[in-house]
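Asks: Next up, upload-v3.pdb (PDB, C-alpha atoms and all ligand atoms).
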MODEL        1
ATOM      1  CA  MET Z   4     169.902 159.276 115.875
ATOM      2  CA  LYS Z   5     166.962 157.219 117.087
ATOM      3  CA  ILE Z   6     163.305 157.814 117.771
ATOM      4  CA  ILE Z   7     162.180 156.418 121.104
ATOM      5  CA  CYS Z   8     158.441 155.890 121.448
ATOM      6  CA  VAL Z   9     156.157 155.152 124.368
ATOM      7  CA  GLY Z  10     153.021 153.083 123.907
ATOM      8  CA  ARG Z  11     149.883 153.184 126.081
ATOM      9  CA  ASN Z  12     150.861 156.269 128.052
ATOM     10  CA  TYR Z  13     147.314 157.651 128.371
ATOM     11  CA  ALA Z  14     144.742 155.485 130.135
ATOM     12  CA  GLU Z  15     141.858 156.505 127.815
ATOM     13  CA  HIS Z  16     143.873 155.496 124.749
ATOM     14  CA  ALA Z  17     144.937 152.156 126.262
ATOM     15  CA  LYS Z  18     141.211 151.486 126.806
ATOM     16  CA  GLU Z  19     140.162 152.421 123.274
ATOM     17  CA  LEU Z  20     142.559 149.779 121.886
ATOM     18  CA  SER Z  21     141.510 147.255 124.584
ATOM     19  CA  ASN Z  22     144.972 147.259 126.165
ATOM     20  CA  GLU Z  23     145.760 147.049 129.849
ATOM     21  CA  VAL Z  24     147.144 150.147 131.568
ATOM     22  CA  PRO Z  25     150.841 149.228 131.929
ATOM     23  CA  LYS Z  26     152.829 149.146 135.190
ATOM     24  CA  GLU Z  27     156.060 150.082 133.404
ATOM     25  CA  PRO Z  28     156.471 152.172 130.230
ATOM     26  CA  VAL Z  29     155.967 150.281 126.953
ATOM     27  CA  ILE Z  30     158.924 151.258 124.740
ATOM     28  CA  PHE Z  31     159.687 150.782 121.053
ATOM     29  CA  ILE Z  32     162.113 152.422 118.649
ATOM     30  CA  LYS Z  33     161.723 153.765 115.137
ATOM     31  CA  PRO Z  34     164.765 154.010 112.855
ATOM     32  CA  LYS Z  35     166.119 157.277 111.514
ATOM     33  CA  ALA Z  36     164.505 156.693 108.107
ATOM     34  CA  ALA Z  37     161.098 156.855 109.800
ATOM     35  CA  LEU Z  38     161.502 160.601 110.321
ATOM     36  CA  LEU Z  39     159.136 162.701 108.200
ATOM     37  CA  MET Z  40     160.341 166.283 108.261
ATOM     38  CA  PRO Z  41     157.972 169.278 108.636
ATOM     39  CA  GLU Z  42     155.845 170.086 105.556
ATOM     40  CA  LYS Z  43     156.627 166.752 103.827
ATOM     41  CA  PRO Z  44     153.652 164.618 102.737
ATOM     42  CA  LEU Z  45     153.269 160.968 103.704
ATOM     43  CA  TYR Z  46     152.596 158.592 100.822
ATOM     44  CA  TYR Z  47     150.058 155.962 101.861
ATOM     45  CA  PRO Z  48     152.098 152.730 102.132
ATOM     46  CA  GLU Z  49     151.047 149.844  99.917
ATOM     47  CA  PHE Z  50     151.382 147.252 102.695
ATOM     48  CA  THR Z  51     148.478 148.496 104.826
ATOM     49  CA  ASP Z  52     144.736 149.108 104.518
ATOM     50  CA  ASP Z  53     144.441 150.762 107.917
ATOM     51  CA  LEU Z  54     146.929 153.590 108.311
ATOM     52  CA  GLN Z  55     146.182 155.511 111.523
ATOM     53  CA  TYR Z  56     147.374 158.738 113.135
ATOM     54  CA  GLU Z  57     148.520 159.049 116.769
ATOM     55  CA  CYS Z  58     149.346 162.639 117.711
ATOM     56  CA  GLU Z  59     151.988 162.882 120.453
ATOM     57  CA  LEU Z  60     154.161 165.363 122.307
ATOM     58  CA  VAL Z  61     157.752 164.986 121.112
ATOM     59  CA  VAL Z  62     160.931 166.221 122.768
ATOM     60  CA  LYS Z  63     164.443 166.463 121.399
ATOM     61  CA  ILE Z  64     167.393 165.218 123.458
ATOM     62  CA  CYS Z  65     170.195 167.761 123.993
ATOM     63  CA  LYS Z  66     172.681 165.769 126.087
ATOM     64  CA  ASN Z  67     174.120 162.254 125.971
ATOM     65  CA  GLY Z  68     173.366 160.050 128.939
ATOM     66  CA  LYS Z  69     172.838 156.646 130.469
ATOM     67  CA  HIS Z  70     171.317 155.636 133.815
ATOM     68  CA  ILE Z  71     169.798 159.096 134.163
ATOM     69  CA  GLN Z  72     168.042 159.749 137.453
ATOM     70  CA  GLU Z  73     164.463 160.974 137.154
ATOM     71  CA  LYS Z  74     165.250 164.138 139.143
ATOM     72  CA  PHE Z  75     167.946 165.149 136.587
ATOM     73  CA  ALA Z  76     166.095 164.033 133.458
ATOM     74  CA  ASN Z  77     164.845 167.551 132.664
ATOM     75  CA  LYS Z  78     168.425 168.562 131.804
ATOM     76  CA  TYR Z  79     168.383 166.158 128.860
ATOM     77  CA  TYR Z  80     165.761 167.792 126.592
ATOM     78  CA  ASP Z  81     165.335 171.373 125.509
ATOM     79  CA  GLN Z  82     162.850 171.436 122.601
ATOM     80  CA  LEU Z  83     159.253 170.396 122.169
ATOM     81  CA  THR Z  84     156.906 169.794 119.256
ATOM     82  CA  LEU Z  85     154.076 167.550 118.113
ATOM     83  CA  GLY Z  86     154.554 164.429 116.073
ATOM     84  CA  ILE Z  87     152.430 161.756 114.458
ATOM     85  CA  ASP Z  88     153.255 158.155 115.299
ATOM     86  CA  PHE Z  89     151.795 156.711 112.072
ATOM     87  CA  THR Z  90     150.736 153.130 112.560
ATOM     88  CA  ALA Z  91     149.712 150.380 110.150
ATOM     89  CA  ARG Z  92     147.026 149.179 112.572
ATOM     90  CA  ASP Z  93     146.137 146.051 110.615
ATOM     91  CA  LEU Z  94     149.756 144.850 110.602
ATOM     92  CA  GLN Z  95     150.173 145.802 114.257
ATOM     93  CA  ASN Z  96     147.043 143.917 115.346
ATOM     94  CA  ASN Z  97     148.130 140.865 113.398
ATOM     95  CA  LEU Z  98     151.613 140.891 114.970
ATOM     96  CA  LYS Z  99     150.254 141.662 118.442
ATOM     97  CA  SER Z 100     147.850 138.730 118.277
ATOM     98  CA  LYS Z 101     150.822 136.436 117.672
ATOM     99  CA  GLY Z 102     152.926 138.089 120.386
ATOM    100  CA  LEU Z 103     155.443 139.292 117.786
ATOM    101  CA  PRO Z 104     157.331 142.630 117.630
ATOM    102  CA  TRP Z 105     155.494 145.505 115.893
ATOM    103  CA  GLU Z 106     158.425 147.215 114.237
ATOM    104  CA  ILE Z 107     157.222 146.991 110.624
ATOM    105  CA  ALA Z 108     153.808 148.354 111.659
ATOM    106  CA  LYS Z 109     155.309 151.366 113.454
ATOM    107  CA  GLY Z 110     158.801 152.030 112.109
ATOM    108  CA  PHE Z 111     158.351 152.226 108.347
ATOM    109  CA  ASP Z 112     159.707 155.163 106.329
ATOM    110  CA  GLY Z 113     157.811 158.364 107.092
ATOM    111  CA  SER Z 114     156.040 156.902 110.136
ATOM    112  CA  ALA Z 115     157.467 159.517 112.531
ATOM    113  CA  ALA Z 116     156.202 162.915 111.389
ATOM    114  CA  VAL Z 117     157.465 165.865 113.410
ATOM    115  CA  GLY Z 118     156.479 169.492 113.469
ATOM    116  CA  THR Z 119     158.526 172.601 114.125
ATOM    117  CA  PHE Z 120     160.372 172.401 117.435
ATOM    118  CA  ILE Z 121     159.955 175.202 119.959
ATOM    119  CA  PRO Z 122     162.373 175.839 122.844
ATOM    120  CA  ILE Z 123     161.452 174.686 126.336
ATOM    121  CA  THR Z 124     161.948 177.593 128.738
ATOM    122  CA  ALA Z 125     161.852 178.034 132.514
ATOM    123  CA  GLU Z 126     158.157 178.946 132.104
ATOM    124  CA  THR Z 127     157.241 175.707 130.336
ATOM    125  CA  ASN Z 128     155.373 173.407 132.699
ATOM    126  CA  MET Z 129     155.985 169.989 131.182
ATOM    127  CA  ARG Z 130     153.160 168.536 133.301
ATOM    128  CA  ASN Z 131     150.576 170.860 131.740
ATOM    129  CA  ILE Z 132     151.046 170.991 127.968
ATOM    130  CA  SER Z 133     147.852 171.010 125.954
ATOM    131  CA  PHE Z 134     147.683 169.854 122.348
ATOM    132  CA  GLN Z 135     145.112 169.044 119.704
ATOM    133  CA  LEU Z 136     145.045 167.261 116.366
ATOM    134  CA  LYS Z 137     142.738 168.319 113.563
ATOM    135  CA  LYS Z 138     141.931 166.147 110.577
ATOM    136  CA  ASN Z 139     140.549 168.149 107.662
ATOM    137  CA  ASP Z 140     139.791 171.048 110.044
ATOM    138  CA  GLU Z 141     137.876 168.872 112.506
ATOM    139  CA  GLN Z 142     139.378 168.232 115.944
ATOM    140  CA  VAL Z 143     139.968 164.504 116.456
ATOM    141  CA  GLN Z 144     142.346 164.419 119.445
ATOM    142  CA  ASP Z 145     142.654 166.647 122.493
ATOM    143  CA  GLY Z 146     145.386 165.860 125.009
ATOM    144  CA  ASN Z 147     147.309 167.251 127.933
ATOM    145  CA  SER Z 148     150.609 165.992 129.311
ATOM    146  CA  ARG Z 149     149.113 165.939 132.829
ATOM    147  CA  ASP Z 150     147.190 162.813 131.767
ATOM    148  CA  MET Z 151     150.330 160.850 130.937
ATOM    149  CA  ILE Z 152     150.657 157.672 132.982
ATOM    150  CA  PHE Z 153     154.474 158.024 132.971
ATOM    151  CA  SER Z 154     155.948 161.522 132.995
ATOM    152  CA  LEU Z 155     158.607 162.433 130.480
ATOM    153  CA  ASP Z 156     161.261 162.430 133.219
ATOM    154  CA  ARG Z 157     160.193 158.986 134.347
ATOM    155  CA  ILE Z 158     160.346 157.764 130.735
ATOM    156  CA  ILE Z 159     163.895 159.101 130.312
ATOM    157  CA  ALA Z 160     165.011 157.471 133.568
ATOM    158  CA  TYR Z 161     163.474 154.187 132.472
ATOM    159  CA  VAL Z 162     164.706 154.166 128.867
ATOM    160  CA  SER Z 163     168.253 155.198 129.814
ATOM    161  CA  LYS Z 164     168.614 152.066 131.913
ATOM    162  CA  PHE Z 165     168.640 150.145 128.631
ATOM    163  CA  PHE Z 166     169.767 152.555 125.899
ATOM    164  CA  THR Z 167     172.241 155.403 125.919
ATOM    165  CA  ILE Z 168     170.311 158.464 124.802
ATOM    166  CA  ASN Z 169     172.132 160.799 122.437
ATOM    167  CA  ILE Z 170     171.939 164.402 121.336
ATOM    168  CA  GLY Z 171     169.372 164.641 118.523
ATOM    169  CA  ASP Z 172     167.321 161.623 119.606
ATOM    170  CA  MET Z 173     163.597 162.244 119.833
ATOM    171  CA  ILE Z 174     161.077 160.870 122.275
ATOM    172  CA  PHE Z 175     157.443 160.346 121.234
ATOM    173  CA  THR Z 176     155.593 160.331 124.541
ATOM    174  CA  GLY Z 177     152.383 158.475 123.665
ATOM    175  CA  THR Z 178     149.005 159.440 122.286
ATOM    176  CA  PRO Z 179     145.749 160.403 123.996
ATOM    177  CA  ALA Z 180     142.398 158.890 122.976
ATOM    178  CA  GLY Z 181     140.870 159.572 119.574
ATOM    179  CA  VAL Z 182     143.234 157.755 117.214
ATOM    180  CA  GLY Z 183     141.772 156.899 113.833
ATOM    181  CA  PRO Z 184     142.356 156.201 110.144
ATOM    182  CA  VAL Z 185     143.603 158.463 107.390
ATOM    183  CA  THR Z 186     143.077 158.239 103.642
ATOM    184  CA  PRO Z 187     144.890 159.939 100.755
ATOM    185  CA  GLY Z 188     143.937 163.615 100.581
ATOM    186  CA  ASP Z 189     143.570 164.013 104.358
ATOM    187  CA  LYS Z 190     145.276 166.950 106.022
ATOM    188  CA  LEU Z 191     146.476 166.691 109.623
ATOM    189  CA  GLU Z 192     147.238 169.746 111.704
ATOM    190  CA  GLY Z 193     148.798 169.739 115.171
ATOM    191  CA  ILE Z 194     148.205 172.575 117.655
ATOM    192  CA  LEU Z 195     150.617 172.903 120.583
ATOM    193  CA  MET Z 196     149.598 175.273 123.387
ATOM    194  CA  GLY Z 197     147.457 177.188 120.918
ATOM    195  CA  ASP Z 198     149.965 177.411 118.062
ATOM    196  CA  LYS Z 199     150.034 175.340 114.910
ATOM    197  CA  VAL Z 200     153.354 173.464 114.753
ATOM    198  CA  LEU Z 201     152.567 170.469 112.535
ATOM    199  CA  ASP Z 202     151.094 169.961 109.074
ATOM    200  CA  VAL Z 203     151.019 166.620 107.277
ATOM    201  CA  GLU Z 204     149.203 165.744 104.094
ATOM    202  CA  ILE Z 205     148.470 162.121 103.165
ATOM    203  CA  ARG Z 206     148.958 161.391  99.476
TER     204      ARG Z 206
HETATM  205 MG    MG F   1     151.981 156.051 119.672
ENDMDL
END
Could you rewrite the structure in this file as structure tokens?

Replies:
Amino acid sequence: MKIICVGRNYAEHAKELSNEVPKEPVIFIKPKAALLMPEKPLYYPEFTDDLQYECELVVKICKNGKHIQEKFANKYYDQLTLGIDFTARDLQNNLKSKGLPWEIAKGFDGSAAVGTFIPITAETNMRNISFQLKKNDEQVQDGNSRDMIFSLDRIIAYVSKFFTINIGDMIFTGTPAGVGPVTPGDKLEGILMGDKVLDVEIR
């Protein structure tokens, strides 16, 4: 099982981190040990002084595939939730400035928090999914999948050119603007189409 992540998939977020809006999806992978299951706390890692949240729509893959065409990509996922792509921003900035891979800043244990998955039905419009993140009861991010630069189906078509995708894999689809730091004691809450699906406490 792997966790496939997309970077810079919302123009406003790319801007807030002074990144260019990409012409092709920016892809990275988190290992299985990065998964933080629902209701589990995240212990603030000792190797960073700037741990940040990025709330993202997450889908679960339900079918193995490679070289998937965009028009068939919707057959490959059947569940949706919110996740937090936790990022050690200081490490990431340091690595980025040297042109080095970010893995340790993005793929550490617990860095991929997921909420409770809900089924995707015929009524779910994947191009109009609204979601919010609250930090200590205050809304800090407000996103909608219609603002994604690359649609989920486009991402699956692109990624599957390089990696076989497998049942149980998850795709983190990128974060909207409003990312920011957390400190021990903070409580994060993710709201997906009006329902709370995600709860993470920082310890
Ligand atoms: Mg992210």

Asks: From the set Z:Val162, Z:Leu195, Z:Ala76, Z:Ile71, which residue has the shortest atom-to-atom contact distance to Asn131 in chain Z, counting all atoms listed in the file?

Replies: Z:Leu195

Asks: Determine the residue membership of the PyMOL selection byres (((chain Z and resi 146-155) around 6) and not hetatm) for the file above and supply it as an MDAnalysis selection string.

Replies: chainID Z and resid 12:13 130:134 145 156:158 179

Asks: Evaluate the PyMOL selection byres (((not hetatm)) within 7 of (chain F and resi 1)) and record the selected residues as a list in words, following the chain and residue labels used in the document.

Replies: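 For this structure, the PyMOL selection byres (((not hetatm)) within 7 of (chain F and resi 1)) resolves to Cys8, Val9, Gly10, Glu57, Glu59, Asp88, Gly177 and Thr178 of chain Z.
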
Asks: On this structure, the PyMOL selection byres (((chain Z and resi 56) around 12) and not hetatm) would catch which residues? List them as a PyMOL selection string, sorted by chain and number.

Replies: chain Z and resi 45+47+53-55+57-59+86-92+109+114-116+136-138+143-144+177-186+189-193+203-205

Asks: For Arg11 in chain Z, which residue out of Z:Phe175, Z:Lys74, Z:Leu83, Z:Pro48 is the nearest one, using only C-alpha atoms?

Replies: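 Looking at the shortest contact to Arg11 in chain Z, the residue is Z:Phe175.
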
Asks: Just checking: using all atoms listed in the file, which residue out of Z:Ile6, Z:Ile123, Z:Ile32, Z:Ala14 ends up closest to Ile107 in chain Z?

Replies: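 Closest to Ile107 in chain Z, using all atoms listed in the file: Z:Ile32.
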
Asks: Considering all atoms listed in the file, can you say which of Z:Asn169, Z:Asn128, Z:Ser100, Z:Ser163 comes closest to Lys66 in chain Z?

Replies: Z:Asn169

Asks: Hey, can you check how far CA of Val29 in chain Z sits from CA of Gly118 in chain Z?

Replies: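 Separation of CA of Val29 in chain Z and CA of Gly118 in chain Z: 23.5 Å.
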
Asks: Please measure the separation of CA of Thr167 in chain Z and CA of Glu126 in chain Z, giving the value in Å to one decimal.

Replies: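 Distance between the two atoms: 28.1 Å.
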
Asks: Using all atoms listed in the file, which residues sit within 9 Å of Pro44 in chain Z once same-chain residues fewer than 2 positions away are excluded, as number ranges by chain?

Replies: Z: 39-42, 46, 113, 202-206

Asks: Please determine, counting only C-alpha atoms, which residue among Z:Ile159, Z:Leu201, Z:Ala17, Z:Pro187 has the shortest atom-to-atom distance to Phe75 in chain Z.

Replies: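 Closest to Phe75 in chain Z of all the choices is Z:Ile159.
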
Asks: Taking into account all atoms listed in the file, which residue in the set Z:Asp172, Z:Asp198, Z:Glu19, Z:Glu49 is nearest to Lys63 in chain Z?

Replies: Z:Asp172

Asks: Using Å and a single decimal, report how far CA of Asp93 in chain Z sits from CA of Asp52 in chain Z.

Replies: 7.0 Å

Asks: Would you be able to write out as a ChimeraX atom specification which residues have an atom within 6 Å of (157.4, 168.1, 122.2) in the file's coordinates, counting only C-alpha atoms?

Replies: /Z:60-62,83-85
